[in-house]
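Structure data follow from coords37.cif (mmCIF, C-alpha atoms):
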data_run
#
loop_
_atom_site.group_PDB
_atom_site.id
_atom_site.type_symbol
_atom_site.label_atom_id
_atom_site.label_comp_id
_atom_site.auth_asym_id
_atom_site.auth_seq_id
_atom_site.Cartn_x
_atom_site.Cartn_y
_atom_site.Cartn_z
ATOM 1 C CA MET A 1 0.000 0.000 0.000
ATOM 2 C CA SER A 2 1.313 3.259 -1.019
ATOM 3 C CA LEU A 3 0.856 6.554 0.760
ATOM 4 C CA LEU A 4 -0.243 8.332 -2.319
ATOM 5 C CA LEU A 5 -2.792 5.696 -3.390
ATOM 6 C CA PRO A 6 -5.049 4.691 -0.494
ATOM 7 C CA ASP A 7 -6.850 1.335 -0.348
ATOM 8 C CA SER A 8 -10.334 0.995 -1.719
ATOM 9 C CA GLY A 9 -11.790 0.247 1.742
ATOM 10 C CA LEU A 10 -10.167 3.306 3.206
ATOM 11 C CA LEU A 11 -11.394 5.277 0.292
ATOM 12 C CA PHE A 12 -14.940 3.971 0.842
ATOM 13 C CA TRP A 13 -14.952 4.896 4.554
ATOM 14 C CA MET A 14 -13.473 8.310 3.783
ATOM 15 C CA PHE A 15 -16.182 9.038 1.231
ATOM 16 C CA LEU A 16 -18.853 7.723 3.598
ATOM 17 C CA SER A 17 -17.635 9.823 6.555
ATOM 18 C CA PHE A 18 -17.225 12.836 4.268
ATOM 19 C CA GLY A 19 -20.762 12.332 2.935
ATOM 20 C CA VAL A 20 -22.220 12.031 6.454
ATOM 21 C CA VAL A 21 -20.365 15.134 7.604
ATOM 22 C CA PHE A 22 -21.408 16.951 4.441
ATOM 23 C CA VAL A 23 -25.063 15.940 4.857
ATOM 24 C CA VAL A 24 -25.044 17.007 8.537
ATOM 25 C CA LEU A 25 -23.349 20.266 7.643
ATOM 26 C CA ALA A 26 -25.692 20.821 4.686
ATOM 27 C CA LYS A 27 -28.741 20.129 6.852
ATOM 28 C CA TYR A 28 -27.714 22.025 10.018
ATOM 29 C CA GLY A 29 -24.506 24.002 9.531
ATOM 30 C CA PHE A 30 -24.723 25.590 6.107
ATOM 31 C CA PRO A 31 -28.152 27.208 6.627
ATOM 32 C CA ILE A 32 -26.946 28.775 9.867
ATOM 33 C CA ILE A 33 -23.676 29.884 8.268
ATOM 34 C CA THR A 34 -25.397 31.249 5.145
ATOM 35 C CA ASN A 35 -28.031 32.914 7.337
ATOM 36 C CA MET A 36 -25.289 34.551 9.421
ATOM 37 C CA VAL A 37 -23.471 35.619 6.239
ATOM 38 C CA GLU A 38 -26.726 37.091 4.851
ATOM 39 C CA GLU A 39 -27.417 38.894 8.146
ATOM 40 C CA ARG A 40 -23.876 40.243 8.185
ATOM 41 C CA LYS A 41 -24.244 41.334 4.536
ATOM 42 C CA ALA A 42 -27.565 43.040 5.347
ATOM 43 C CA TYR A 43 -25.973 44.748 8.385
ATOM 44 C CA ILE A 44 -23.040 45.963 6.269
ATOM 45 C CA ASP A 45 -25.410 47.165 3.510
ATOM 46 C CA HIS A 46 -27.541 48.928 6.120
ATOM 47 C CA SER A 47 -24.421 50.515 7.671
ATOM 48 C CA LEU A 48 -23.247 51.685 4.249
ATOM 49 C CA GLU A 49 -26.681 53.192 3.541
ATOM 50 C CA MET A 50 -26.662 54.916 6.947
ATOM 51 C CA ALA A 51 -23.154 56.234 6.226
ATOM 52 C CA ARG A 52 -24.360 57.599 2.862
ATOM 53 C CA GLU A 53 -27.343 59.231 4.567
ATOM 54 C CA ALA A 54 -25.042 60.628 7.266
ATOM 55 C CA ASN A 55 -22.759 62.069 4.572
ATOM 56 C CA VAL A 56 -25.737 63.641 2.808
ATOM 57 C CA ARG A 57 -27.036 65.038 6.112
ATOM 58 C CA LEU A 58 -23.537 66.260 6.978
ATOM 59 C CA ALA A 59 -23.306 68.038 3.613
ATOM 60 C CA GLU A 60 -26.732 69.603 4.238
ATOM 61 C CA LEU A 61 -25.676 70.680 7.735
ATOM 62 C CA LYS A 62 -22.425 72.072 6.378
ATOM 63 C CA ALA A 63 -24.302 74.109 3.757
ATOM 64 C CA GLU A 64 -26.787 75.227 6.417
ATOM 65 C CA SER A 65 -23.985 76.220 8.798
ATOM 66 C CA GLU A 66 -22.229 78.151 6.016
ATOM 67 C CA ALA A 67 -25.499 79.951 5.292
ATOM 68 C CA LEU A 68 -25.886 80.717 9.010
ATOM 69 C CA VAL A 69 -22.303 81.997 9.199
ATOM 70 C CA ALA A 70 -22.890 84.185 6.140
ATOM 71 C CA ALA A 71 -26.128 85.508 7.658
ATOM 72 C CA ALA A 72 -24.369 86.109 10.990
ATOM 73 C CA ASN A 73 -21.549 87.975 9.234
ATOM 74 C CA LYS A 74 -24.088 90.064 7.338
ATOM 75 C CA GLU A 75 -25.972 90.809 10.570
ATOM 76 C CA GLN A 76 -22.698 91.642 12.327
ATOM 77 C CA GLY A 77 -21.819 94.096 9.550
ATOM 78 C CA ARG A 78 -25.258 95.690 9.797
ATOM 79 C CA ILE A 79 -24.976 95.988 13.582
ATOM 80 C CA LEU A 80 -21.485 97.490 13.284
ATOM 81 C CA ARG A 81 -22.674 100.027 10.693
ATOM 82 C CA GLU A 82 -25.627 100.878 12.915
ATOM 83 C CA ALA A 83 -23.339 101.250 15.943
ATOM 84 C CA MET A 84 -20.964 103.528 14.004
ATOM 85 C CA HIS A 85 -23.912 105.620 12.832
ATOM 86 C CA GLU A 86 -25.179 105.897 16.420
ATOM 87 C CA ARG A 87 -21.663 106.772 17.624
ATOM 88 C CA ASP A 88 -21.377 109.538 15.022
ATOM 89 C CA LYS A 89 -24.838 110.818 15.909
ATOM 90 C CA ILE A 90 -23.970 110.841 19.635
ATOM 91 C CA ILE A 91 -20.705 112.676 18.920
ATOM 92 C CA VAL A 92 -22.508 115.295 16.806
ATOM 93 C CA GLU A 93 -25.165 115.697 19.507
ATOM 94 C CA ALA A 94 -22.465 116.024 22.186
ATOM 95 C CA HIS A 95 -20.708 118.704 20.105
ATOM 96 C CA LYS A 96 -23.974 120.589 19.697
ATOM 97 C CA GLN A 97 -24.699 120.375 23.412
ATOM 98 C CA ALA A 98 -21.157 121.481 24.228
ATOM 99 C CA GLU A 99 -21.534 124.457 21.878
ATOM 100 C CA VAL A 100 -24.870 125.361 23.479
ATOM 101 C CA VAL A 101 -23.397 125.095 26.979
ATOM 102 C CA ALA A 102 -20.313 127.082 25.953
ATOM 103 C CA GLN A 103 -22.500 129.766 24.351
ATOM 104 C CA LYS A 104 -24.656 129.941 27.490
ATOM 105 C CA GLU A 105 -21.564 130.268 29.676
ATOM 106 C CA LEU A 106 -20.150 132.909 27.322
ATOM 107 C CA ASP A 107 -23.436 134.850 27.344
ATOM 108 C CA GLU A 108 -23.604 134.575 31.136
ATOM 109 C CA ALA A 109 -19.996 135.791 31.436
ATOM 110 C CA LYS A 110 -20.731 138.729 29.078
ATOM 111 C CA ARG A 111 -23.875 139.595 31.041
ATOM 112 C CA GLN A 112 -21.966 139.418 34.309
ATOM 113 C CA ILE A 113 -19.129 141.560 32.900
ATOM 114 C CA ARG A 114 -21.667 144.098 31.584
ATOM 115 C CA GLN A 115 -23.438 144.163 34.949
ATOM 116 C CA GLU A 116 -20.167 144.576 36.854
ATOM 117 C CA LYS A 117 -19.130 147.317 34.400
ATOM 118 C CA GLU A 118 -22.420 149.155 34.930
ATOM 119 C CA GLU A 119 -22.063 148.778 38.696
ATOM 120 C CA ALA A 120 -18.489 150.083 38.496
ATOM 121 C CA ILE A 121 -19.607 153.049 36.353
ATOM 122 C CA LEU A 122 -22.423 153.802 38.809
ATOM 123 C CA ASP A 123 -19.994 153.546 41.705
ATOM 124 C CA ILE A 124 -17.539 155.876 39.938
ATOM 125 C CA ARG A 125 -20.374 158.331 39.180
ATOM 126 C CA ARG A 126 -21.444 158.265 42.831
ATOM 127 C CA GLN A 127 -17.899 158.872 43.945
ATOM 128 C CA VAL A 128 -17.485 161.684 41.373
ATOM 129 C CA ALA A 129 -20.800 163.197 42.489
ATOM 130 C CA VAL A 130 -19.794 163.020 46.146
ATOM 131 C CA MET A 131 -16.415 164.548 45.317
ATOM 132 C CA SER A 132 -18.061 167.218 43.170
ATOM 133 C CA VAL A 133 -20.466 168.107 45.949
ATOM 134 C CA ASP A 134 -17.614 168.239 48.458
ATOM 135 C CA ILE A 135 -15.524 170.416 46.138
ATOM 136 C CA ALA A 136 -18.498 172.632 45.298
ATOM 137 C CA GLU A 137 -19.298 172.982 48.968
ATOM 138 C CA LYS A 138 -15.743 174.044 49.732
ATOM 139 C CA ILE A 139 -15.706 176.468 46.795
ATOM 140 C CA LEU A 140 -19.082 177.901 47.736
ATOM 141 C CA ARG A 141 -18.071 178.385 51.337
ATOM 142 C CA LYS A 142 -15.048 180.252 50.223
ATOM 143 C CA ASN A 143 -16.820 182.347 47.560
ATOM 144 C CA LEU A 144 -20.143 182.936 49.238
ATOM 145 C CA ASN A 145 -19.101 184.545 52.421
ATOM 146 C CA GLU A 146 -21.065 187.611 51.549
ATOM 147 C CA ARG A 147 -24.835 187.846 51.208
ATOM 148 C CA ASP A 148 -24.825 189.555 47.784
ATOM 149 C CA GLU A 149 -22.737 186.778 46.291
ATOM 150 C CA GLN A 150 -25.160 184.171 47.685
ATOM 151 C CA MET A 151 -28.184 185.934 46.185
ATOM 152 C CA GLY A 152 -26.472 186.279 42.812
ATOM 153 C CA LEU A 153 -25.648 182.562 42.728
ATOM 154 C CA ILE A 154 -29.241 181.632 43.617
ATOM 155 C CA ASP A 155 -30.585 183.867 40.837
ATOM 156 C CA ARG A 156 -28.210 182.345 38.281
ATOM 157 C CA MET A 157 -29.197 178.817 39.244
ATOM 158 C CA LEU A 158 -32.913 179.629 39.039
ATOM 159 C CA ASN A 159 -32.409 181.125 35.591
ATOM 160 C CA GLU A 160 -30.540 177.995 34.426
ATOM 161 C CA VAL A 161 -33.296 175.693 35.754
ATOM 162 C CA LEU A 162 -35.995 177.809 34.071
ATOM 163 C CA ALA A 163 -34.072 177.815 30.787
ATOM 164 C CA ALA A 164 -33.593 174.052 30.952
ATOM 165 C CA SER A 165 -37.308 173.451 31.642
ATOM 166 C CA LYS A 166 -38.294 175.687 28.686
ATOM 167 C CA ASN A 167 -36.016 173.721 26.341
ATOM 168 C CA ASN A 168 -37.594 170.419 27.350
#
Would you mind writing the file out in structure tokens?
Amino acid sequence: MSLLLPDSGLLFWMFLSFGVVFVVLAKYGFPIITNMVEERKAYIDHSLEMAREANVRLAELKAESEALVAAANKEQGRILREAMHERDKIIVEAHKQAEVVAQKELDEAKRQIRQEKEEAILDIRRQVAVMSVDIAEKILRKNLNERDEQMGLIDRMLNEVLAASKNN
């Protein structure tokens, strides 16, 4: 008996045992194995479909997020322009208010200066009048020691008052 050519009896029992194992496997093993392979194939197909759907959804979300970013940038630009416009308006309003306040202070200072000037002029006039009266009194005392001189001065003053009242 050679190792490469088995005996016919051995060959018979090998075919018989192979046939029994094949029949048992065909009846019980292969359906389970093919069922598991089909389930695995269905799971892989389902996973691939879910991955495709996820990619599509991801692309949609990416486009949506880009649109949101563009809208946010546009809104940000609008808000910034609005804020700059408000800032400029506030600055202009502040300048106007400052000019009004400065003008009021300037007018008040001019009014106060004018009032103080008038008061100073009145004070100077009072002082001049008092000095004039004092000087006139001293002059009159010196000049009017005699009664005739006093009467002449009174007559002259009455004539001046009468002439002034006729002119008015």
Would you place a box with edges along x, y and z of the file around all atoms of range 103-121 of chain A listed there, add 4 Å to each of its six sides, and report the centre and edge lengths in Å to one decimal, as lines of an AutoDock Vina configuration file?
center_x = -21.6
center_y = 141.4
center_z = 31.5
size_x = 14.2
size_y = 31.3
size_z = 22.3
**Study point:** One-decimal distance in Å that lies between CA of Arg125 in chain A and CA of Glu137 in chain A
**Key:** 17.7 Å
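One distance worth recording is that between CA of Trp13 in chain A and CA of Leu25 in chain A, which is 17.8 Å.
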Study note, to complete from the structure: Here CA of Gly29 in chain A and CA of Ser17 in chain A stand apart by 16.0 Å
